[in-house]
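Chemist: This is structure_16.txt (compact mmCIF, C-alpha atoms).
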# COMPACT_ATOMS: atom_id res chain seq x y z
CA MET A 4 229.12 52.67 9.62
CA GLY A 5 232.73 52.69 10.86
CA ILE A 6 234.02 51.99 7.33
CA VAL A 7 231.96 54.86 5.91
CA LEU A 8 233.22 57.24 8.60
CA LEU A 9 236.85 56.21 8.01
CA GLY A 10 236.43 56.74 4.27
CA THR A 11 234.96 60.19 4.87
CA LEU A 12 237.82 61.22 7.13
CA SER A 13 240.41 59.94 4.67
CA ALA A 14 238.77 61.87 1.84
CA SER A 15 238.94 65.01 3.98
CA ALA A 16 242.71 64.72 4.26
CA GLN A 17 244.37 66.16 1.18
CA LEU A 18 247.85 65.81 -0.29
CA GLN A 19 248.34 68.29 -3.14
CA PHE A 20 251.17 69.28 -5.48
CA GLY A 21 251.41 72.81 -6.80
CA LEU A 22 253.45 75.75 -8.01
CA LYS A 23 254.35 78.67 -5.77
CA GLY A 24 255.77 82.08 -6.55
CA GLY A 25 255.97 85.48 -4.99
CA LEU A 26 257.80 88.63 -4.02
CA ASP A 27 259.84 89.59 -1.00
CA LEU A 28 261.02 92.87 0.48
CA THR A 29 264.44 92.23 1.98
CA LYS A 30 266.16 94.11 4.77
CA MET A 31 269.76 93.34 5.65
CA SER A 32 270.66 94.04 9.28
CA THR A 33 274.32 94.35 10.20
CA SER A 34 276.56 94.24 13.23
CA GLY A 35 278.47 97.35 14.14
CA GLU A 36 276.52 99.83 12.01
CA GLY A 37 272.85 100.78 11.77
CA GLY A 38 271.10 101.69 8.53
CA LEU A 39 273.93 100.43 6.32
CA PHE A 40 271.62 98.71 3.80
CA LYS A 41 268.50 99.74 1.89
CA ASN A 42 265.36 97.62 1.49
CA ARG A 43 265.26 95.86 -1.89
CA ALA A 44 262.63 93.72 -3.66
CA GLY A 45 263.22 90.12 -4.77
CA TRP A 46 261.26 87.16 -6.12
CA PHE A 47 260.96 83.36 -5.87
CA VAL A 48 259.28 80.48 -7.73
CA GLY A 49 259.17 76.68 -7.60
CA PRO A 50 257.22 73.49 -6.79
CA SER A 51 255.32 72.97 -3.55
CA LEU A 52 253.66 70.09 -1.68
CA LYS A 53 250.79 70.60 0.78
CA TYR A 54 249.10 68.19 3.17
CA VAL A 55 246.10 69.04 5.37
CA SER A 56 244.40 66.47 7.60
CA PHE A 57 240.68 66.28 8.38
CA MET A 58 241.40 68.11 11.67
CA GLY A 59 242.95 71.06 9.83
CA LEU A 60 246.50 70.25 10.91
CA GLY A 61 249.08 69.86 8.18
CA PHE A 62 252.26 71.07 6.57
CA ASP A 63 253.64 72.44 3.32
CA ILE A 64 257.13 72.16 1.91
CA SER A 65 258.59 73.88 -1.16
CA ALA A 66 261.83 74.07 -3.16
CA LEU A 67 262.05 77.61 -4.52
CA TYR A 68 264.54 79.48 -6.65
CA ASN A 69 265.01 82.81 -4.88
CA GLN A 70 266.78 85.95 -6.07
CA ARG A 71 267.30 88.84 -3.69
CA GLU A 72 269.12 92.15 -3.91
CA THR A 73 270.81 94.20 -1.23
CA GLN A 74 272.23 97.67 -1.64
CA LEU A 75 274.56 99.66 0.57
CA ASP A 76 273.00 102.98 1.52
CA VAL A 77 276.19 104.89 0.68
CA TYR A 78 276.26 107.99 -1.53
CA PHE A 79 279.07 110.24 -2.71
CA GLU A 80 279.29 113.91 -3.71
CA ASP A 81 277.98 113.36 -7.25
CA ASN A 82 275.21 111.07 -5.94
CA GLU A 83 276.88 107.88 -7.22
CA GLN A 84 276.12 104.68 -5.34
CA LEU A 85 277.65 101.21 -5.06
CA LYS A 86 275.94 98.63 -7.27
CA PRO A 87 273.37 96.24 -5.71
CA MET A 88 274.54 92.84 -4.47
CA LYS A 89 272.53 89.89 -5.81
CA THR A 90 271.91 86.70 -3.86
CA LYS A 91 270.76 83.63 -5.81
CA GLN A 92 269.73 80.61 -3.77
CA ILE A 93 267.43 77.62 -3.40
CA ILE A 94 265.20 78.07 -0.37
CA VAL A 95 263.37 75.15 1.27
CA PRO A 96 260.64 76.26 3.70
CA LEU A 97 258.90 73.59 5.82
CA ASN A 98 255.83 75.08 7.46
CA LEU A 99 253.46 73.53 9.97
CA ARG A 100 249.96 74.89 9.43
CA TYR A 101 246.44 74.95 10.81
CA ASP A 102 243.53 75.45 8.40
CA LEU A 103 240.11 76.73 9.46
CA GLY A 104 237.24 76.37 6.98
CA LEU A 105 234.75 79.19 6.40
CA GLY A 106 231.64 77.32 5.31
CA GLY A 107 233.20 75.81 2.17
CA LEU A 108 233.77 79.19 0.51
CA ALA A 109 237.29 79.70 1.76
CA THR A 110 239.84 78.53 4.29
CA ILE A 111 242.08 80.69 6.41
CA PHE A 112 245.27 79.30 7.86
CA GLY A 113 248.23 80.21 10.00
CA TYR A 114 251.68 78.71 9.61
CA ALA A 115 255.19 78.73 10.99
CA GLY A 116 258.34 76.74 10.45
CA PRO A 117 262.03 76.61 9.57
CA GLN A 118 263.63 77.47 6.25
CA VAL A 119 267.06 76.56 4.92
CA ALA A 120 268.69 78.30 1.94
CA PHE A 121 271.53 77.07 -0.27
CA ARG A 122 273.61 79.57 -2.25
CA ILE A 123 273.89 79.22 -6.03
CA GLY A 124 276.96 80.53 -7.84
CA ASP A 125 279.96 82.52 -6.69
CA GLY A 126 280.16 83.32 -3.00
CA VAL A 127 282.21 86.50 -3.50
CA GLN A 128 280.89 89.59 -5.28
CA SER A 129 282.81 92.80 -5.91
CA LEU A 130 281.07 96.02 -4.97
CA GLY A 131 282.96 97.77 -7.74
CA ASP A 132 285.38 100.66 -7.63
CA LEU A 133 283.65 103.90 -6.78
CA LYS A 134 285.74 106.95 -5.92
CA ASP A 135 288.25 105.74 -3.32
CA THR A 136 286.12 102.84 -2.11
CA VAL A 137 286.55 99.18 -3.02
CA GLY A 138 284.73 96.34 -1.35
CA ASP A 139 283.39 92.85 -1.62
CA TRP A 140 280.42 90.85 -0.41
CA ARG A 141 281.11 87.30 0.83
CA LEU A 142 278.10 84.99 1.04
CA LYS A 143 277.84 81.88 3.17
CA SER A 144 277.05 78.63 1.35
CA SER A 145 273.85 78.17 3.40
CA ASN A 146 271.75 79.99 5.96
CA PHE A 147 268.85 79.25 8.31
CA SER A 148 265.69 81.23 9.04
CA VAL A 149 262.11 80.92 10.35
CA ASN A 150 258.77 81.84 8.74
CA VAL A 151 255.62 83.08 10.50
CA GLY A 152 252.53 83.92 8.46
CA LEU A 153 248.82 83.90 7.61
CA GLY A 154 246.93 83.04 4.44
CA VAL A 155 243.67 82.21 2.71
CA THR A 156 242.75 79.38 0.32
CA LEU A 157 240.08 79.78 -2.37
CA ASP A 158 239.53 76.41 -4.03
CA LYS A 159 242.95 75.54 -5.56
CA LEU A 160 244.40 79.02 -5.18
CA GLN A 161 246.33 80.02 -2.06
CA LEU A 162 247.46 83.52 -1.06
CA SER A 163 249.63 84.13 2.00
CA ALA A 164 252.00 86.60 3.61
CA ASN A 165 254.77 85.91 6.08
CA TYR A 166 257.79 87.38 7.80
CA ASN A 167 261.06 85.52 7.27
CA ILE A 168 263.45 85.93 10.21
CA GLY A 169 267.14 85.22 9.69
CA LEU A 170 268.76 83.28 12.54
CA GLY A 171 272.37 83.52 11.43
CA ASN A 172 274.70 85.63 9.33
CA THR A 173 274.13 85.48 5.57
CA GLY A 174 277.56 86.92 4.80
CA GLU A 175 279.80 89.90 5.35
CA VAL A 176 280.77 93.11 3.59
CA THR A 177 284.38 94.30 3.58
CA LEU A 178 285.13 97.92 2.62
CA ARG A 179 288.63 99.13 1.70
CA ASP A 180 290.15 102.51 0.91
CA ALA A 181 292.36 103.51 -2.04
CA THR A 182 295.42 101.97 -0.36
CA ASP A 183 293.55 98.63 -0.02
CA ALA A 184 293.44 99.05 3.76
CA VAL A 185 290.33 97.57 5.39
CA TYR A 186 288.29 100.17 7.27
CA GLY A 187 285.02 98.30 7.70
CA ILE A 188 283.81 94.70 8.02
CA PHE A 189 280.09 94.23 8.60
CA LYS A 190 278.38 90.87 9.18
CA GLY A 191 274.78 90.81 7.96
CA LYS A 192 271.65 88.68 7.95
CA TYR A 193 268.47 88.83 5.88
CA ASN A 194 264.97 89.49 7.16
CA ALA A 195 262.14 89.73 4.62
CA TRP A 196 258.42 90.26 4.21
CA GLN A 197 257.11 87.76 1.63
CA ILE A 198 253.91 87.60 -0.43
CA ASN A 199 253.16 84.08 -1.73
CA LEU A 200 250.72 82.93 -4.43
CA ALA A 201 250.31 79.19 -5.03
CA TYR A 202 248.15 76.98 -7.19
CA TYR A 203 247.60 73.37 -6.05
CA PHE A 204 246.34 70.75 -8.51
Kindly transcribe the structure held in the file into structure tokens.
Modeler:
Amino acid sequence: MGIVLLGTLSASAQLQFGLKGGLDLTKMSTSGEGGLFKNRAGWFVGPSLKYVSFMGLGFDISALYNQRETQLDVYFEDNEQLKPMKTKQIIVPLNLRYDLGLGGLATIFGYAGPQVAFRIGDGVQSLGDLKDTVGDWRLKSSNFSVNVGLGVTLDKLQLSANYNIGLGNTGEVTLRDATDAVYGIFKGKYNAWQINLAYYF
């Protein structure tokens, strides 16, 4: 009897590999100036690993290629605008989760956990030369954030939504005038709403 029960509990615990992708809506908040950046959409994709025990407790961890855009909300007389700044990175979210079954038809779950991101490519991007304004965007090599979200699982398909909260500066923007004199330095960090779709084999 004990062996049968142990086997049943073990079978209820699942370790699954899958593929995850999704979209995010990014907002860059800055020090020293409000409303400096516009919301921009981005995307991510990569492999994922999920484990859920027979008690519903578990975790998931992913390694995702993520591309985000940020744009300064600055216009000039002829309605020109500085070009968007692109951030390419590998993000690694590690979420603790609790799954609650709904009679075998579906499972709802809540999750939260840390996320670390590693920059890919050049850490300095020019904002271009527009009118009398020149600037650059300097990205940190890594940054740290936290996820909080909810989701639903239907068989092997998983849909979730979370808010990603930046806990440190992602980089800084430096703006210069025509004489190359610095008139603005703004440190910023990303926050983002994310929609995730995953398929676990």
Chemist: Can you measure CA of Leu108 (chain A) to CA of Asp158 (chain A) for me? One decimal in Å is fine.
Modeler: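 Rounded to one decimal, the two atoms are 7.8 Å apart.
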Chemist: Out of A:Val176, A:Val155, A:Ala201, A:Ala164, which residue has the shortest atom-to-atom distance to Lys143 (chain A) when counting only C-alpha atoms?
Modeler: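 Of the candidates, the smallest distance to Lys143 (chain A) is held by A:Val176.
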Chemist: Considering all atoms listed in the file, return as a VMD selection string whatever protein or nucleic-acid residues lie within 12 Å of Arg100 (chain A), sequence-local ones (same chain, fewer than 5 positions apart) excluded.
Modeler: chain A and resid 53 to 56 58 to 64 110 to 116 150 to 155 163
Chemist: Which value, in Å to one decimal, gives the distance between CA of Thr173 (chain A) and CA of Gly21 (chain A)?
Modeler: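 So the two atoms, CA of Thr173 (chain A) and CA of Gly21 (chain A), lie 28.8 Å apart.
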Chemist: Can you pull out the residues contacting region 122-126 of chain A? Cut-off 6 Å, using only C-alpha atoms, and skip same-chain residues under 6 positions away; I want them as a list in words.
Modeler: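 Here the answer would be Lys91, Gln92, Arg141, Leu142, Ser144 and Ser145 of chain A.
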Chemist: Take the residues that were just selected and, keeping C-alpha atoms, output them as an mmCIF file, keeping the file's coordinate frame.
Modeler:
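Wrote it out as result_15.cif, contents follow:
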data_model
loop_
_atom_site.group_PDB
_atom_site.id
_atom_site.type_symbol
_atom_site.label_atom_id
_atom_site.label_comp_id
_atom_site.auth_asym_id
_atom_site.auth_seq_id
_atom_site.Cartn_x
_atom_site.Cartn_y
_atom_site.Cartn_z
ATOM 1 C CA LYS A 91 270.760 83.630 -5.810
ATOM 2 C CA GLN A 92 269.730 80.610 -3.770
ATOM 3 C CA ARG A 141 281.110 87.300 0.830
ATOM 4 C CA LEU A 142 278.100 84.990 1.040
ATOM 5 C CA SER A 144 277.050 78.630 1.350
ATOM 6 C CA SER A 145 273.850 78.170 3.400
#
Chemist: For CA of Gly25 (chain A) and CA of Phe204 (chain A), determine how far apart the two atoms are, in Å to one decimal place.
Modeler: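 About the pair CA of Gly25 (chain A) and CA of Phe204 (chain A): they are 17.9 Å apart.
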